[in-house]
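*Asks:* This is the structure I want to talk about, given as structure tokens.
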Amino acid sequence: MNQSQRYLWSGDEAVARAARDAQVAWGVGYPGTPSTEILENLAALGGKARWSPNEKTALEVGLGAAFAGARALVTMKHVGLNVAADPLFTAAYTGVSGALVIVSADDPGMASSQNEQDNRHYAVAAGVPMLEPADSQEAYDFTLAALEISHRWHTPVLLRMTTRVCHSQTIVVPNRRIEPPPPADFQRDIQGRVMIPAYARPAHRRLRKKLTEIEAWNESSGPNEEHKGKPALGIITSGISYAHVAEVAPDASILKLGMTYPLPMERIRLFVGTVQRCVVIEEGDPYLVEAIRAAGIAVEGKPEMYRYGELSVERVRRILAGDTSPEPVPPRGKPPQLCQGCPHRTAFTVLNKLGCIVSGDIGCYTLGVLPPFEAMDTCVCMGASITVGLGLRHTLPAEQARRVVSVIGDSTFMHSGITGLVEMVYNPPPQGHVVLVLDNGTTAMTGLQEHPGTGRMLNHEPTGKVSIEALARSLGITNVRVLDPAADPAGFEEALRQALDAEKLTLLVARRPCLLAAGKIREYEKTAELQRSGCDCQAAGNDQVSAGGATQT
Amino acid sequence: MKDNKVTNVVIAGLGGQGVLKASDILSRAIFDQGLDLKKSEIHGMSQRGGSVTSDVRFGKKVHSPMVPVGEADFVVVLAPEEVENARRYLRPTGVLITPDAVDGEALSNKRSINVALLGILSRHLEIPESVWRSAIRACLPEKLLEVNENAFTLGRGTS
Ligand SMILES: Cc1ncc(C[n+]2csc(CCOP(=O)(O)OP(=O)(O)O)c2C)c(N)n1
Ligand code: SF4
């Protein structure tokens, strides 16, 4: 690559390029806006990238790769880190031998999410160093830096991005280089990687010692920048907020933090000492300002009203002016809706008609909550439809309990619906339960990604396929039916009515491809068919994960 | 400080109308001019017909990727029903380009309205026509080229 070549990349694309340039051995994650394009780009660049059933499995696969001495990149949206939190906290104890970088793509303002949690808190809670790029150039540079830090201190590193950094395209000159990784090799380290209490106790102390060292490094050589301006106003900021600050206050002195955990508190103290007024400008929770104040340094924060939503040039102006007057309310705009001809439509029409209490889930089909369907009563997090529905069934009066249906998409089912099904078999409600899987053959919500139920990997090549209906039967659910509601709405209505009356454990699969995916799915199938007939597919697919899954059809 | 001026463009429309494709072409043309630029949009659910806007900012040095309300030099709107919403981005001296600015009858394919409106925008920007044309070629597949090149010509008013 030409040293001074410039490119126009999104933040996601820049992370993928850096991973490719650093010879990351495994890129693994679960789709989620705004992180999805990282692995899609990595695959398109010829890197090894895989979708995993969920974020926990992804992080664990990445951890294994990093135990083997390789470089691993694990990607997810912010709420994905909740799912992966269990391995995260203990991976901080075990550390890694290669490198492990975890991208958490936060979504302040909730452009496409169910909450706007601020994952900077995870870095502190788990004791994992965190870098925050402000643009695509830094997304590239910080991915490489994160891999180096991870290897140098044998620790997982969080690369915390936000929607604007992930999706904005900015200019990148990729001229930073890192050493190529050594070949993967297993080195036994029982006390370091087997976290029984006797080994975990010293591991916790090792973790804190590492963090002290990393903090010292961040003080002297961390990726933090100081822009000397006039001393009247100093601003401490990080990530995308820096871009707004630089525009609003070009004359101010600015301390831009690239590594926001562990914080370089002495550097911050020195900076604050050089300015007359110091304001901390950060999106989301008051994370920086509280940490800085806790260290006994006097700084101003933002008024509470700016905790909510994204920051912008306008809002940074208001914060600096101390303006807490009500903000203009932006017009609502036209909300998204289920495509005309979407196979989910019939299902929601019928659910509404039968007066069901719908325990819903996350995906395109969440739009079934909007008129004209208004056929969803709860939606909390991925996988919750089945289990929340069971809670309702267990406790509602019988005549209401009978109307509860759990509605879940196919990708969501693979992500975290399976354990809910196990719960249903283990603790069946007295009136039974009805689970409706809306199987449109893709992860439509996030832009048509593959999942274990499609039988294709991220790059759309064939692999092991998990059958929803065979899985349910294997658990002992006998009432299992596969239907196409769009082809036969009356038949679907009758089947749902029967299922509600049967008072048994029932799983209905409404199967028809997403309108936008159908053509592509036919193409992938045709290509796979040609490959099967034209050559020995075992040999052709030798870099595939071996066909896994509970069942194969 | 004339040379520090950042030009702000907002392209607005509905999911599936080609808002992002239009801002890709515009960004490509600016990028090829060697300027600093940032392009930003919120996407994720755009396939289902909701409102979409894409911000493109360029100049010697661009900081924030988002065009502040009331500071757009150009607002290009692809859907008539989005004009009212998008108008708030415009600065008082800014130029509003709406879908009725092109003669729909003269468009051989209605879906190329995005590129036709870029043609109109191109009259206001100091980017050579050849740069626009190569940006169109870089951003669109072969089979859509002719229709879109004609749409651009229609908007730009050249032949
Ligand atoms: C823990 C977590 N990971 C990822 C996401 C992003 N996300 C929301 S829904 C969804 C899957 C949608 O696929 P599916 O269930 O098949 O429904 P469809 O959109 O196809 O109707 C994803 C990946 C999320 N909200 N939470
Ligand atoms: S993208 Fe597919 S699943 Fe989503 S609304 Fe459109 S047709 Fe339905």
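Residue numbering restarts at 1 in every chain; chains get A, B, ... in the order shown in the structure tokens, and ligands count up from 1 in that same order.
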Would you mind listing, as number ranges by chain, all residues of chain B that have at least one atom within 9 Å of chain A, where only C-alpha atoms are what counts?

*Replies:* B: 14-15, 27-28, 31, 36-52, 62-69, 82, 85

*Asks:* Would you return as a ChimeraX atom specification the members of chain B that DSSP assigns to alpha helix (DSSP H) on this structure's backbone?

*Replies:* /B:19-32,83-86,113-122,129-139,142-156

*Asks:* Please check which protein, DNA or RNA residues sit within 6 Å of ligand 1, counting only C-alpha atoms and all ligand atoms, and write them as a list in words.

*Replies:* Pro31, Gly32, Val79, Gly80, Val83, Ser113, Ile362, Gly363, Cys364, Tyr365, Met382, Gly409, Asp410, Ser411, Thr412, Asn440, Thr442, Thr443, Ala444, Met445 and Thr446 of chain A

*Asks:* Could the residues in this selection be written to a file with N, CA, C and O atoms, as a PDB file, in the first residue's frame?

*Replies:*
ATOM      1  N   PRO A  31     -24.039  -9.724  14.282  1.00  0.00           N
ATOM      2  CA  PRO A  31     -24.424  -8.448  13.682  1.00  0.00           C
ATOM      3  C   PRO A  31     -25.133  -7.532  14.679  1.00  0.00           C
ATOM      4  O   PRO A  31     -25.804  -8.010  15.593  1.00  0.00           O
ATOM      5  N   GLY A  32     -24.995  -6.270  14.476  1.00  0.00           N
ATOM      6  CA  GLY A  32     -25.681  -5.286  15.312  1.00  0.00           C
ATOM      7  C   GLY A  32     -25.252  -3.898  14.871  1.00  0.00           C
ATOM      8  O   GLY A  32     -24.056  -3.611  14.827  1.00  0.00           O
ATOM      9  N   VAL A  79     -25.249  -3.390  23.220  1.00  0.00           N
ATOM     10  CA  VAL A  79     -25.999  -4.360  24.016  1.00  0.00           C
ATOM     11  C   VAL A  79     -25.428  -5.768  23.883  1.00  0.00           C
ATOM     12  O   VAL A  79     -25.642  -6.622  24.746  1.00  0.00           O
ATOM     13  N   GLY A  80     -24.683  -6.002  22.816  1.00  0.00           N
ATOM     14  CA  GLY A  80     -24.019  -7.291  22.657  1.00  0.00           C
ATOM     15  C   GLY A  80     -23.031  -7.564  23.777  1.00  0.00           C
ATOM     16  O   GLY A  80     -22.816  -8.714  24.172  1.00  0.00           O
ATOM     17  N   VAL A  83     -24.405  -9.432  26.627  1.00  0.00           N
ATOM     18  CA  VAL A  83     -24.469 -10.877  26.407  1.00  0.00           C
ATOM     19  C   VAL A  83     -23.085 -11.486  26.618  1.00  0.00           C
ATOM     20  O   VAL A  83     -22.947 -12.588  27.137  1.00  0.00           O
ATOM     21  N   SER A 113     -31.449   1.038  18.155  1.00  0.00           N
ATOM     22  CA  SER A 113     -31.184   0.224  19.343  1.00  0.00           C
ATOM     23  C   SER A 113     -32.320   0.370  20.334  1.00  0.00           C
ATOM     24  O   SER A 113     -33.117   1.292  20.242  1.00  0.00           O
ATOM     25  N   ILE A 362     -36.702  -8.756  19.095  1.00  0.00           N
ATOM     26  CA  ILE A 362     -36.080  -7.689  18.314  1.00  0.00           C
ATOM     27  C   ILE A 362     -35.722  -8.148  16.909  1.00  0.00           C
ATOM     28  O   ILE A 362     -35.143  -9.205  16.715  1.00  0.00           O
ATOM     29  N   GLY A 363     -36.086  -7.321  15.932  1.00  0.00           N
ATOM     30  CA  GLY A 363     -35.803  -7.612  14.529  1.00  0.00           C
ATOM     31  C   GLY A 363     -36.719  -6.729  13.712  1.00  0.00           C
ATOM     32  O   GLY A 363     -37.428  -5.878  14.255  1.00  0.00           O
ATOM     33  N   CYS A 364     -36.732  -6.932  12.392  1.00  0.00           N
ATOM     34  CA  CYS A 364     -37.693  -6.198  11.566  1.00  0.00           C
ATOM     35  C   CYS A 364     -39.090  -6.330  12.138  1.00  0.00           C
ATOM     36  O   CYS A 364     -39.881  -5.389  12.146  1.00  0.00           O
ATOM     37  N   TYR A 365     -39.373  -7.547  12.620  1.00  0.00           N
ATOM     38  CA  TYR A 365     -40.738  -7.850  13.064  1.00  0.00           C
ATOM     39  C   TYR A 365     -41.164  -7.039  14.278  1.00  0.00           C
ATOM     40  O   TYR A 365     -42.354  -7.035  14.613  1.00  0.00           O
ATOM     41  N   MET A 382     -32.858  -9.249  23.061  1.00  0.00           N
ATOM     42  CA  MET A 382     -32.920 -10.419  22.188  1.00  0.00           C
ATOM     43  C   MET A 382     -33.123 -11.698  22.997  1.00  0.00           C
ATOM     44  O   MET A 382     -32.431 -11.943  23.974  1.00  0.00           O
ATOM     45  N   GLY A 409     -37.768 -13.936  15.852  1.00  0.00           N
ATOM     46  CA  GLY A 409     -37.200 -14.130  14.515  1.00  0.00           C
ATOM     47  C   GLY A 409     -36.213 -15.283  14.497  1.00  0.00           C
ATOM     48  O   GLY A 409     -35.775 -15.766  15.547  1.00  0.00           O
ATOM     49  N   ASP A 410     -35.835 -15.724  13.310  1.00  0.00           N
ATOM     50  CA  ASP A 410     -34.951 -16.894  13.200  1.00  0.00           C
ATOM     51  C   ASP A 410     -33.540 -16.597  13.708  1.00  0.00           C
ATOM     52  O   ASP A 410     -32.939 -17.403  14.415  1.00  0.00           O
ATOM     53  N   SER A 411     -33.009 -15.425  13.370  1.00  0.00           N
ATOM     54  CA  SER A 411     -31.665 -15.098  13.834  1.00  0.00           C
ATOM     55  C   SER A 411     -31.678 -14.920  15.348  1.00  0.00           C
ATOM     56  O   SER A 411     -30.773 -15.388  16.056  1.00  0.00           O
ATOM     57  N   THR A 412     -32.726 -14.280  15.852  1.00  0.00           N
ATOM     58  CA  THR A 412     -32.847 -14.070  17.298  1.00  0.00           C
ATOM     59  C   THR A 412     -33.010 -15.404  18.017  1.00  0.00           C
ATOM     60  O   THR A 412     -32.477 -15.614  19.107  1.00  0.00           O
ATOM     61  N   ASN A 440     -37.551 -15.890   8.297  1.00  0.00           N
ATOM     62  CA  ASN A 440     -37.461 -15.289   6.959  1.00  0.00           C
ATOM     63  C   ASN A 440     -36.112 -15.574   6.320  1.00  0.00           C
ATOM     64  O   ASN A 440     -35.712 -14.925   5.365  1.00  0.00           O
ATOM     65  N   THR A 442     -33.044 -15.056   7.156  1.00  0.00           N
ATOM     66  CA  THR A 442     -31.957 -14.086   7.197  1.00  0.00           C
ATOM     67  C   THR A 442     -32.056 -13.244   8.465  1.00  0.00           C
ATOM     68  O   THR A 442     -33.060 -13.287   9.172  1.00  0.00           O
ATOM     69  N   THR A 443     -31.015 -12.475   8.734  1.00  0.00           N
ATOM     70  CA  THR A 443     -31.039 -11.472   9.799  1.00  0.00           C
ATOM     71  C   THR A 443     -31.367 -10.158   9.090  1.00  0.00           C
ATOM     72  O   THR A 443     -30.471  -9.419   8.683  1.00  0.00           O
ATOM     73  N   ALA A 444     -32.642  -9.876   8.889  1.00  0.00           N
ATOM     74  CA  ALA A 444     -33.023  -8.775   8.000  1.00  0.00           C
ATOM     75  C   ALA A 444     -32.733  -7.407   8.608  1.00  0.00           C
ATOM     76  O   ALA A 444     -32.198  -6.512   7.952  1.00  0.00           O
ATOM     77  N   MET A 445     -33.059  -7.261   9.864  1.00  0.00           N
ATOM     78  CA  MET A 445     -32.955  -5.983  10.562  1.00  0.00           C
ATOM     79  C   MET A 445     -31.621  -5.270  10.344  1.00  0.00           C
ATOM     80  O   MET A 445     -31.563  -4.069  10.136  1.00  0.00           O
ATOM     81  N   THR A 446     -30.554  -6.031  10.420  1.00  0.00           N
ATOM     82  CA  THR A 446     -29.221  -5.427  10.368  1.00  0.00           C
ATOM     83  C   THR A 446     -28.631  -5.459   8.959  1.00  0.00           C
ATOM     84  O   THR A 446     -27.459  -5.141   8.776  1.00  0.00           O
TER      85      THR A 446
END

*Asks:* Could you name the residues that touch Val115 of chain B at 12 Å or less, counting only C-alpha atoms, but leaving out those on the same chain fewer than 6 positions away, as a count of residues only?

*Replies:* 40

*Asks:* Which value, in Å to one decimal, gives the distance between atom CA of Ser150 of chain A and atom CA of Gly98 of chain A?

*Replies:*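 Separation of atom CA of Ser150 of chain A and atom CA of Gly98 of chain A: 7.7 Å.
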